[in-house]
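Student: Here you go, input37.cif (mmCIF, C-alpha atoms):
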```cif
data_model
#
loop_
_atom_site.label_atom_id
_atom_site.label_comp_id
_atom_site.auth_asym_id
_atom_site.auth_seq_id
_atom_site.Cartn_x
_atom_site.Cartn_y
_atom_site.Cartn_z
CA MET A 281 142.39 321.86 184.20
CA ALA A 282 139.80 319.15 183.60
CA LEU A 283 140.81 315.61 184.38
CA ILE A 284 140.47 313.03 181.65
CA PRO A 285 138.76 309.85 182.90
CA LEU A 286 140.89 306.79 182.27
CA GLU A 287 138.24 304.14 183.05
CA GLU A 288 137.02 302.08 180.12
CA PRO A 289 133.38 302.76 179.23
CA THR A 290 131.04 300.05 180.48
CA THR A 291 127.77 298.86 179.03
CA ARG A 292 125.10 297.45 181.26
CA ARG A 293 124.60 293.80 180.46
CA ILE A 294 121.32 292.00 181.04
CA ALA A 295 121.51 288.67 182.83
CA PRO A 296 120.23 285.78 180.67
CA ASP A 297 117.66 284.76 183.30
CA VAL A 298 115.83 288.12 183.23
CA PHE A 299 112.22 287.86 182.05
CA SER A 300 112.16 289.72 178.71
CA LEU A 301 108.95 288.69 176.94
CA PHE A 302 108.02 292.29 176.19
CA ALA A 303 111.48 293.58 175.31
CA LEU A 304 110.89 293.48 171.54
CA GLY A 305 107.97 292.73 169.25
CA PHE A 306 108.99 289.29 167.99
CA ARG A 307 108.96 287.77 171.47
CA PRO A 308 105.26 287.80 172.48
CA PHE A 309 103.86 287.62 168.97
CA TYR A 310 105.96 284.66 167.82
CA LEU A 311 105.07 282.83 171.03
CA LEU A 312 101.35 283.58 170.71
CA ALA A 313 101.28 282.72 166.99
CA ALA A 314 102.93 279.34 167.59
CA LEU A 315 100.54 278.63 170.45
CA LEU A 316 97.57 279.44 168.22
CA ALA A 317 99.00 277.22 165.47
CA VAL A 318 99.18 274.31 167.91
CA LEU A 319 95.68 274.81 169.33
CA ALA A 320 93.56 276.09 166.45
CA ILE A 321 94.28 273.38 163.88
CA PRO A 322 93.27 270.42 166.11
CA VAL A 323 90.16 272.39 167.08
CA TRP A 324 89.38 272.93 163.41
CA VAL A 325 89.70 269.18 162.74
CA LEU A 326 87.21 268.51 165.55
CA VAL A 327 84.88 271.16 164.14
CA PHE A 328 85.23 269.64 160.67
CA ALA A 329 84.36 266.22 162.13
CA GLY A 330 81.28 267.62 163.86
CA VAL A 331 82.61 267.05 167.37
CA LEU A 332 82.85 270.77 168.26
CA ALA A 333 81.02 273.86 167.07
CA THR A 334 82.15 277.47 166.66
CA PRO A 335 79.98 280.61 167.09
CA ILE A 336 80.20 281.28 163.34
CA PRO A 337 80.42 278.65 160.56
CA GLY A 338 83.54 276.59 161.14
CA ILE A 339 85.19 277.28 157.78
CA TRP A 340 84.85 281.03 158.35
CA TRP A 341 86.39 280.76 161.82
CA HIS A 342 89.24 278.54 160.60
CA ALA A 343 90.13 280.74 157.64
CA HIS A 344 89.89 283.95 159.68
CA GLU A 345 92.02 282.73 162.56
CA MET A 346 94.81 281.36 160.40
CA VAL A 347 95.15 284.65 158.52
CA PHE A 348 94.04 287.39 160.96
CA GLY A 349 95.19 285.48 164.03
CA PHE A 350 98.26 283.36 163.23
CA ALA A 351 99.79 285.11 160.19
CA VAL A 352 99.01 288.62 161.43
CA ALA A 353 100.69 287.96 164.80
CA VAL A 354 103.90 286.89 163.07
CA ILE A 355 103.76 289.82 160.65
CA ILE A 356 103.36 292.38 163.44
CA GLY A 357 106.07 290.75 165.55
CA PHE A 358 108.42 290.70 162.57
CA LEU A 359 107.68 294.27 161.47
CA PHE A 360 108.05 295.70 164.98
CA THR A 361 111.44 293.98 165.21
CA ALA A 362 112.59 294.82 161.68
CA GLY A 363 111.25 298.37 162.03
CA ARG A 364 113.70 299.05 164.84
CA ASN A 365 116.55 297.77 162.68
CA TRP A 366 115.42 299.77 159.63
CA THR A 367 115.04 303.07 161.49
CA GLY A 368 117.18 302.88 164.64
CA LEU A 369 114.10 304.03 166.57
CA ASP A 370 112.26 302.15 169.29
CA THR A 371 109.15 300.18 168.32
CA PRO A 372 106.59 299.15 170.97
CA SER A 373 108.02 297.40 174.02
CA GLY A 374 107.17 297.02 177.69
CA GLY A 375 103.64 297.93 178.69
CA LEU A 376 102.58 299.11 175.22
CA LEU A 377 103.74 295.86 173.63
CA ALA A 378 102.05 293.84 176.38
CA GLY A 379 98.82 295.77 175.79
CA LEU A 380 98.89 295.08 172.05
CA ALA A 381 99.61 291.39 172.65
CA GLY A 382 96.76 291.28 175.14
CA LEU A 383 94.40 292.88 172.63
CA TRP A 384 95.39 290.30 170.00
CA LEU A 385 94.73 287.52 172.53
CA ALA A 386 91.37 289.04 173.46
CA GLY A 387 90.41 288.95 169.79
CA ARG A 388 91.23 285.25 169.58
CA LEU A 389 89.16 284.43 172.64
CA ALA A 390 86.27 286.54 171.35
CA MET A 391 86.33 284.75 168.00
CA ALA A 392 86.40 281.35 169.73
CA PHE A 393 83.55 281.94 172.17
CA GLY A 394 81.40 284.85 170.96
CA SER A 395 79.66 286.48 168.05
CA GLY A 396 78.11 289.80 167.11
CA LEU A 397 79.15 293.43 167.34
CA TRP A 398 81.33 293.20 170.46
CA VAL A 399 83.44 290.45 168.85
CA ALA A 400 83.87 292.52 165.70
CA VAL A 401 84.92 295.62 167.66
CA LEU A 402 87.39 293.70 169.81
CA ASP A 403 88.96 291.78 166.94
CA VAL A 404 89.13 294.70 164.49
CA ALA A 405 90.78 297.02 167.05
CA PHE A 406 94.19 295.32 167.05
CA LEU A 407 95.47 295.91 163.52
CA PRO A 408 94.80 299.69 163.28
CA LEU A 409 96.63 300.26 166.56
CA ALA A 410 99.55 298.07 165.50
CA ALA A 411 99.67 299.82 162.11
CA ALA A 412 99.70 303.25 163.79
CA ALA A 413 102.56 302.24 166.08
CA LEU A 414 104.61 300.98 163.14
CA LEU A 415 103.87 303.88 160.81
CA ARG A 416 104.76 306.42 163.50
CA VAL A 417 108.30 305.01 163.57
CA LEU A 418 108.67 304.70 159.79
CA ILE A 419 107.38 308.24 159.17
CA LYS A 420 109.53 309.74 161.91
CA ALA A 421 112.61 308.08 160.39
CA ARG A 422 111.47 308.93 156.84
CA SER A 423 111.98 305.30 155.90
CA TRP A 424 110.36 305.73 152.49
CA ARG A 425 111.39 302.32 151.22
CA ASN A 426 109.38 300.62 153.92
CA TYR A 427 106.17 302.65 153.82
CA PHE A 428 104.31 299.89 151.99
CA VAL A 429 105.01 297.31 154.68
CA GLY A 430 103.94 299.90 157.23
CA VAL A 431 100.66 300.49 155.41
CA LEU A 432 100.02 296.76 154.95
CA PRO A 433 98.61 296.20 158.48
CA ALA A 434 96.14 299.03 157.83
CA MET A 435 95.09 297.34 154.59
CA LEU A 436 94.68 294.06 156.45
CA SER A 437 92.52 295.83 159.03
CA LEU A 438 90.13 296.92 156.26
CA ALA A 439 89.88 293.33 155.04
CA ASN A 440 89.20 292.21 158.61
CA LEU A 441 86.49 294.86 158.96
CA ALA A 442 84.89 293.64 155.71
CA PHE A 443 84.93 290.08 157.07
CA HIS A 444 83.05 291.04 160.23
CA LEU A 445 80.59 293.21 158.33
CA ALA A 446 79.84 290.27 156.05
CA VAL A 447 79.55 287.76 158.91
CA ASN A 448 77.02 289.97 160.67
CA GLY A 449 75.01 290.59 157.51
CA TRP A 450 75.98 294.25 157.17
CA LEU A 451 77.89 293.76 153.90
CA ALA A 452 76.63 291.62 151.01
CA ILE A 453 79.79 289.65 150.25
CA ASP A 454 81.10 286.19 151.05
CA PRO A 455 83.16 286.53 154.27
CA LEU A 456 85.75 284.22 152.75
CA ALA A 457 86.35 286.78 149.98
CA ALA A 458 87.69 289.18 152.63
CA VAL A 459 89.97 286.43 153.95
CA TYR A 460 91.25 285.74 150.42
CA VAL A 461 92.02 289.45 149.97
CA ALA A 462 93.98 289.35 153.23
CA LEU A 463 95.84 286.20 152.17
CA GLY A 464 96.70 287.93 148.89
CA LEU A 465 98.12 290.91 150.82
CA VAL A 466 100.18 288.54 152.95
CA VAL A 467 101.58 286.85 149.84
CA VAL A 468 102.47 290.23 148.33
CA LEU A 469 104.33 291.05 151.56
CA GLU A 470 106.15 287.73 151.26
CA THR A 471 107.06 288.62 147.69
CA ILE A 472 108.53 291.96 148.77
CA ILE A 473 110.27 290.95 152.00
CA GLY A 474 111.23 287.51 150.70
CA GLY A 475 112.72 289.07 147.60
CA ARG A 476 114.92 291.22 149.81
CA VAL A 477 116.07 288.77 152.45
CA ILE A 478 116.12 285.27 150.90
CA PRO A 479 118.79 285.99 148.26
CA MET A 480 120.66 288.19 150.76
CA PHE A 481 120.69 285.48 153.43
CA THR A 482 121.85 283.01 150.80
CA PHE A 483 124.64 285.24 149.51
CA ASN A 484 125.87 286.07 153.01
CA ALA A 485 125.91 282.45 154.16
CA LEU A 486 127.29 280.84 150.99
CA ARG A 487 130.14 283.03 149.88
CA GLY A 488 130.71 282.91 146.15
CA VAL A 489 127.24 281.59 145.33
CA ARG A 490 126.09 282.67 141.88
CA GLN A 491 122.77 284.53 141.70
CA TRP A 492 120.74 286.52 139.20
CA ARG A 493 118.63 289.46 140.39
CA ASN A 494 117.04 292.43 138.61
CA ALA A 495 115.17 295.18 140.47
CA ARG A 496 112.86 296.01 137.54
CA PHE A 497 112.00 292.34 137.02
CA ASP A 498 111.27 292.01 140.77
CA LEU A 499 108.90 294.98 140.63
CA ILE A 500 107.03 293.58 137.62
CA ALA A 501 106.72 290.19 139.33
CA ALA A 502 105.37 291.78 142.51
CA LEU A 503 102.85 293.96 140.65
CA CYS A 504 101.67 291.07 138.49
CA THR A 505 101.33 288.87 141.58
CA GLY A 506 99.29 291.52 143.37
CA LEU A 507 96.97 291.95 140.38
CA ALA A 508 96.57 288.19 139.97
CA LEU A 509 95.64 287.73 143.64
CA VAL A 510 93.16 290.62 143.59
CA LEU A 511 91.40 289.09 140.59
CA TRP A 512 91.46 285.66 142.23
CA ALA A 513 90.04 286.97 145.51
CA ALA A 514 87.31 288.74 143.54
CA GLY A 515 86.34 285.43 141.93
CA ALA A 516 87.36 286.47 138.42
CA VAL A 517 87.39 283.81 135.72
CA GLY A 518 88.54 283.45 132.13
CA TRP A 519 91.32 285.85 131.13
CA ALA A 520 92.18 286.51 134.78
CA GLY A 521 93.68 283.03 134.84
CA GLY A 522 96.23 284.23 132.30
CA VAL A 523 97.37 286.93 134.71
CA SER A 524 97.88 284.32 137.42
CA LEU A 525 99.82 282.10 135.02
CA LEU A 526 102.07 285.01 133.99
CA ALA A 527 102.66 285.88 137.65
CA ALA A 528 103.54 282.24 138.36
CA LEU A 529 106.13 282.22 135.56
CA LEU A 530 107.67 285.52 136.69
CA GLN A 531 107.91 284.31 140.28
CA LEU A 532 109.44 281.01 139.18
CA VAL A 533 112.14 282.78 137.15
CA ARG A 534 112.81 285.12 140.07
CA TRP A 535 113.09 282.22 142.53
CA GLY A 536 115.41 280.28 140.21
CA GLY A 537 117.75 283.26 140.02
CA TRP A 538 118.44 283.01 143.75
CA ASN A 539 120.19 279.63 143.23
CA PRO A 540 118.00 277.58 145.58
CA TRP A 541 119.87 274.33 144.85
CA ALA A 542 122.99 275.73 146.54
CA THR A 543 121.10 275.83 149.86
CA ARG A 544 120.18 272.14 149.97
CA ARG A 545 122.56 271.37 152.85
CA THR A 546 121.59 274.41 154.94
CA PRO A 547 118.15 274.02 156.58
CA LEU A 548 117.93 277.66 157.66
CA LEU A 549 118.14 278.59 153.97
CA TRP A 550 116.41 275.75 152.13
CA VAL A 551 113.26 276.18 154.18
CA LEU A 552 112.91 279.74 152.85
CA HIS A 553 113.64 278.78 149.24
CA LEU A 554 111.35 275.74 149.31
CA SER A 555 108.56 277.71 150.96
CA TYR A 556 108.85 280.57 148.44
CA LEU A 557 108.46 278.02 145.63
CA TRP A 558 104.87 277.55 146.83
CA ILE A 559 104.10 281.09 145.63
CA PRO A 560 104.49 280.29 141.90
CA LEU A 561 102.85 276.91 142.52
CA GLY A 562 99.95 278.63 144.28
CA LEU A 563 99.61 281.14 141.46
CA LEU A 564 99.52 278.29 138.94
CA LEU A 565 96.75 276.67 140.97
CA THR A 566 94.82 279.97 141.08
CA ALA A 567 94.97 280.06 137.27
CA LEU A 568 93.69 276.49 137.06
CA ALA A 569 90.95 277.29 139.59
CA GLN A 570 89.87 280.32 137.56
CA TRP A 571 89.63 278.06 134.50
CA GLY A 572 87.57 275.54 136.48
CA VAL A 573 90.23 272.82 136.34
CA MET A 574 91.14 272.72 140.05
CA PRO A 575 89.25 273.47 143.27
CA ARG A 576 89.95 276.91 144.71
CA SER A 577 90.91 275.29 148.01
CA ALA A 578 94.07 273.85 146.43
CA ALA A 579 95.38 277.34 145.67
CA VAL A 580 94.32 278.60 149.12
CA HIS A 581 96.28 275.91 150.93
CA ALA A 582 99.32 276.14 148.65
CA LEU A 583 99.60 279.83 149.53
CA ALA A 584 98.49 279.51 153.16
CA ILE A 585 100.33 276.37 154.31
CA GLY A 586 103.17 276.00 151.82
CA ALA A 587 104.17 279.62 151.27
CA THR A 588 102.93 281.43 154.38
CA GLY A 589 103.33 278.60 156.90
CA GLY A 590 106.68 277.57 155.47
CA LEU A 591 108.12 281.08 155.39
CA ILE A 592 106.80 281.71 158.89
CA ILE A 593 108.41 278.64 160.47
CA GLY A 594 111.66 279.54 158.69
CA MET A 595 111.63 283.19 159.74
CA ILE A 596 110.45 282.76 163.34
CA THR A 597 113.32 280.37 163.97
CA ARG A 598 115.93 282.48 162.18
CA THR A 599 114.93 285.83 163.68
CA ALA A 600 114.43 284.36 167.14
CA LEU A 601 117.94 282.90 167.05
CA GLY A 602 119.50 286.13 165.77
CA HIS A 603 117.62 288.48 168.07
CA THR A 604 118.33 286.42 171.19
CA GLY A 605 122.07 286.46 170.49
CA ARG A 606 122.39 282.87 169.31
CA MET A 607 124.19 281.38 166.33
CA LEU A 608 122.21 281.32 163.08
CA VAL A 609 122.27 277.56 162.80
CA ALA A 610 119.23 275.31 162.48
CA GLY A 611 119.64 271.98 164.23
CA ARG A 612 117.86 268.68 163.77
CA LEU A 613 114.75 269.83 165.62
CA GLU A 614 114.34 272.86 163.36
CA ALA A 615 114.91 270.78 160.24
CA ILE A 616 112.21 268.34 161.36
CA ALA A 617 109.80 271.22 161.99
CA TYR A 618 110.55 272.64 158.53
CA ALA A 619 109.95 269.25 156.89
CA LEU A 620 106.68 268.77 158.81
CA VAL A 621 105.24 272.05 157.53
CA GLN A 622 106.19 271.08 153.98
CA LEU A 623 104.57 267.68 154.53
CA ALA A 624 101.41 269.43 155.71
CA ALA A 625 101.31 271.52 152.52
CA VAL A 626 101.93 268.55 150.23
CA ALA A 627 99.34 266.38 151.98
CA ARG A 628 96.65 269.05 151.87
CA VAL A 629 97.26 270.25 148.29
CA LEU A 630 98.09 266.92 146.66
CA THR A 631 94.94 265.20 147.88
CA LEU A 632 92.82 268.13 146.66
CA VAL A 633 94.50 268.13 143.25
CA ALA A 634 95.10 264.46 142.52
CA ILE A 635 93.43 262.18 145.10
CA PRO A 636 89.96 263.54 145.91
CA ALA A 637 88.98 260.31 147.69
CA ALA A 638 91.77 260.93 150.21
CA VAL A 639 90.91 264.55 151.02
CA VAL A 640 89.79 263.76 154.58
CA GLY A 641 92.94 261.75 155.17
CA GLY A 642 94.95 264.65 153.76
CA ILE A 643 93.30 267.01 156.24
CA HIS A 644 94.23 264.78 159.17
CA LEU A 645 97.81 264.23 157.98
CA ALA A 646 98.30 267.92 157.30
CA ALA A 647 96.83 268.90 160.68
CA THR A 648 99.04 266.42 162.53
CA ALA A 649 102.23 267.49 160.73
CA TRP A 650 101.44 271.20 161.19
CA THR A 651 100.66 270.82 164.90
CA LEU A 652 103.81 268.80 165.57
CA ALA A 653 105.96 271.37 163.73
CA PHE A 654 104.81 274.29 165.86
CA ALA A 655 104.79 272.20 169.03
CA LEU A 656 108.50 271.55 168.39
CA TYR A 657 108.99 275.29 167.96
CA LEU A 658 107.28 276.00 171.28
CA TRP A 659 109.32 273.32 173.05
CA ARG A 660 112.65 274.72 171.85
CA TYR A 661 111.97 278.43 171.54
CA THR A 662 109.70 279.33 174.45
CA PRO A 663 112.67 279.80 176.83
CA TYR A 664 114.47 281.85 174.15
CA LEU A 665 111.46 284.17 173.82
CA LEU A 666 110.74 284.50 177.53
CA TYR A 667 114.24 285.38 178.74
CA ALA A 668 116.97 287.88 177.86
CA ARG A 669 119.50 287.54 175.08
CA VAL A 670 122.41 285.23 175.84
CA ASP A 671 124.90 287.95 174.89
CA GLY A 672 123.56 290.38 177.52
CA LYS A 673 122.33 292.96 175.01
CA ALA A 674 118.91 294.59 175.11
CA GLY A 675 116.16 293.35 172.82
#
```
Starting from the file, give its structure as structure tokens.

Tutor:
Amino acid sequence: MALIPLEEPTTRRIAPDVFSLFALGFRPFYLLAALLAVLAIPVWVLVFAGVLATPIPGIWWHAHEMVFGFAVAVIIGFLFTAGRNWTGLDTPSGGLLAGLAGLWLAGRLAMAFGSGLWVAVLDVAFLPLAAAALLRVLIKARSWRNYFVGVLPAMLSLANLAFHLAVNGWLAIDPLAAVYVALGLVVVLETIIGGRVIPMFTFNALRGVRQWRNARFDLIAALCTGLALVLWAAGAVGWAGGVSLLAALLQLVRWGGWNPWATRRTPLLWVLHLSYLWIPLGLLLTALAQWGVMPRSAAVHALAIGATGGLIIGMITRTALGHTGRMLVAGRLEAIAYALVQLAAVARVLTLVAIPAAVVGGIHLAATAWTLAFALYLWRYTPYLLYARVDGKAG
């Protein structure tokens, strides 16, 4: 007769002081992205002022690094982490994750100090490998709903390849056009993921909040936004501005349905709602730019600082808190960081749109606010990212 064990099952708990930087994708990539945000913007200001020089024209380097360096690191860190939740399967960790993070870092150093074919090869290599690692998990789990976000890094890698081909004279396009395509892809991702999580986070945190959502309307808004940004990146004018204006209106209606006003006393929520508002504002500015009313740079920075930067600072705090076993509560430091990123967006866009004589001052104010915001993140969150979850769980 077999004996029945009476001991309670035990689960191995991980001590909170165990080094865990490569336990899950968000850890190294959020840390590296924040570090790049703190270093690259002051460097860009010095390049802009003529104090420093970069191997390629400064505006190309700045635009490339903020999209293919900063934003891409956060996207990959987020998708590796979310991919495990979506599928229940392991995404890169340990040595493989460390290798991918090291390759990303090598690309940043190459872009800062080198030029030519070897820089292109080193920088382009990261995204296809990251895309393959993510798609392997999604395909194995048959996570059909998430195939697009799995394919997105591969699409970004093609835009990055086009950038390097153009920089080296092997493709007859403006390198910035490739960056604008990539920024458009990032905004489409924000439209899809933001449309899923922002109203959900709001509903879960504010019980009884009234919201309006419609799946068909969301799809139309996303498709129209994607088309508008493709036309904008291609430099289309005239009627293409009407597509951007329509996309802006659809996105504004969608955003209003999530009841953003109800989140005004909850920083962890209002940062996401306020940042998403920059998408319809950015689309409006793309329409005005296509009609020759506003400089293209205003739309670029509305989408890059306001929408992308704002959503990133909101998500890398929220997901870092949740995935390190902490309460989902943003304190005063987080709220200050959120406000600083919004200040950076307003300063950069407003001076371009309404106060051209103050554009240089707007650059300096925006750079200072941005750098302080991500420095605060590093100060608070570096220990969270380096060491194990406080609840003893893996991840």

Student: Evaluate the PyMOL selection byres ((chain A and resi 667) around 10) and record the selected residues as a JSON list (two decimals) with C-alpha atoms, in the coordinates of the input, following the chain and residue labels used in the document.

Tutor:
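Everything below was put into expr26.json:
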```json
[["chain", "number", "residue", "atom", "x", "y", "z"],
["A", 294, "ILE", "CA", 121.32, 292.00, 181.04],
["A", 295, "ALA", "CA", 121.51, 288.67, 182.83],
["A", 296, "PRO", "CA", 120.23, 285.78, 180.67],
["A", 297, "ASP", "CA", 117.66, 284.76, 183.30],
["A", 298, "VAL", "CA", 115.83, 288.12, 183.23],
["A", 299, "PHE", "CA", 112.22, 287.86, 182.05],
["A", 300, "SER", "CA", 112.16, 289.72, 178.71],
["A", 301, "LEU", "CA", 108.95, 288.69, 176.94],
["A", 302, "PHE", "CA", 108.02, 292.29, 176.19],
["A", 303, "ALA", "CA", 111.48, 293.58, 175.31],
["A", 307, "ARG", "CA", 108.96, 287.77, 171.47],
["A", 604, "THR", "CA", 118.33, 286.42, 171.19],
["A", 662, "THR", "CA", 109.70, 279.33, 174.45],
["A", 663, "PRO", "CA", 112.67, 279.80, 176.83],
["A", 664, "TYR", "CA", 114.47, 281.85, 174.15],
["A", 665, "LEU", "CA", 111.46, 284.17, 173.82],
["A", 666, "LEU", "CA", 110.74, 284.50, 177.53],
["A", 668, "ALA", "CA", 116.97, 287.88, 177.86],
["A", 669, "ARG", "CA", 119.50, 287.54, 175.08],
["A", 670, "VAL", "CA", 122.41, 285.23, 175.84]]
```

Student: I'd like the contact shell of Tyr427 (chain A) - 10 Å cut-off, all atoms listed in the file, skipping same-chain residues fewer than 6 positions apart - returned as a PDB file with C-alpha atoms, in the frame of the given file.

Tutor:
```pdb
ATOM      1  CA  LEU A 414     104.610 300.980 163.140  1.00  0.00           C
ATOM      2  CA  LEU A 415     103.870 303.880 160.810  1.00  0.00           C
ATOM      3  CA  LEU A 418     108.670 304.700 159.790  1.00  0.00           C
ATOM      4  CA  ILE A 419     107.380 308.240 159.170  1.00  0.00           C
TER       5      ILE A 419
END
```

Student: With all atoms listed in the file as the atoms that count, which of A:Ala600, A:Leu620, A:Leu380, A:Ala508 lies nearest to Gly675 (chain A)?

Tutor: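 Comparing A:Ala600, A:Leu620, A:Leu380, A:Ala508 against Gly675 (chain A), the winner is A:Ala600.
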
Student: In Å, rounded to a single decimal, give me how far CA of Gly521 (chain A) is from CA of Trp571 (chain A).

Tutor: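 Going from CA of Trp571 (chain A) over to CA of Gly521 (chain A) covers 6.4 Å.
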
Student: Can you spell out as a PyMOL selection string the set of residues that the PyMOL selection byres ((chain A and resi 321) around 8) selects in the structure I just provided?

Tutor: chain A and resi 317-320+322-325+342+647+650-651

Student: Restrict the calculation to only C-alpha atoms, then for each residue of region 532-608 of chain A with any atom at most 8 Å from an atom of region 445-463 of chain A give the closest atom pair and their distance in Å to one decimal, rows by chain and rising residue number, as CSV.

Tutor:
```
residue,atom,partner,partner_atom,distance
A:Val580,CA,A:Tyr460,CA,7.9
A:Leu583,CA,A:Leu463,CA,7.9
A:Ala584,CA,A:Leu463,CA,7.3
```

Student: Expanded to explicit residues, what is the PyMOL selection byres ((chain A and resi 610-612) around 8) for this file, as a PyMOL selection string?

Tutor: chain A and resi 546-548+597-598+608-609+613-616

Student: Measuring atom to atom with all atoms listed in the file, identify which of A:Trp550, A:Ala314, A:Leu304, A:Arg606 is nearest to Gly374 (chain A).

Tutor: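 For Gly374 (chain A), the nearest of the candidates is A:Leu304.
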
Student: Do you have, as JSON lines, the list of residues of region 463-578 of chain A lying at most 12 Å from region 352-362 of chain A, each with its nearest atom pair and that distance in Å to one decimal, counting only C-alpha atoms and ordered by chain then number?

Tutor:
```
{"residue": "A:Leu463", "atom": "CA", "partner": "A:Val352", "partner_atom": "CA", "distance": 10.1}
{"residue": "A:Leu465", "atom": "CA", "partner": "A:Val352", "partner_atom": "CA", "distance": 10.9}
{"residue": "A:Val466", "atom": "CA", "partner": "A:Val352", "partner_atom": "CA", "distance": 8.6}
{"residue": "A:Val467", "atom": "CA", "partner": "A:Ile355", "partner_atom": "CA", "distance": 11.4}
{"residue": "A:Leu469", "atom": "CA", "partner": "A:Ile355", "partner_atom": "CA", "distance": 9.2}
{"residue": "A:Glu470", "atom": "CA", "partner": "A:Ile355", "partner_atom": "CA", "distance": 9.9}
{"residue": "A:Ile473", "atom": "CA", "partner": "A:Leu359", "partner_atom": "CA", "distance": 10.4}
{"residue": "A:Val477", "atom": "CA", "partner": "A:Ala362", "partner_atom": "CA", "distance": 11.6}
```

Student: I'd like the neighbourhood of Thr367 (chain A) as a VMD selection string, where a residue qualifies if any of its atoms comes within 8 Å (using all atoms listed in the file), though same-chain residues fewer than 5 positions away should be ignored.

Tutor: chain A and resid 417 to 418 421 423
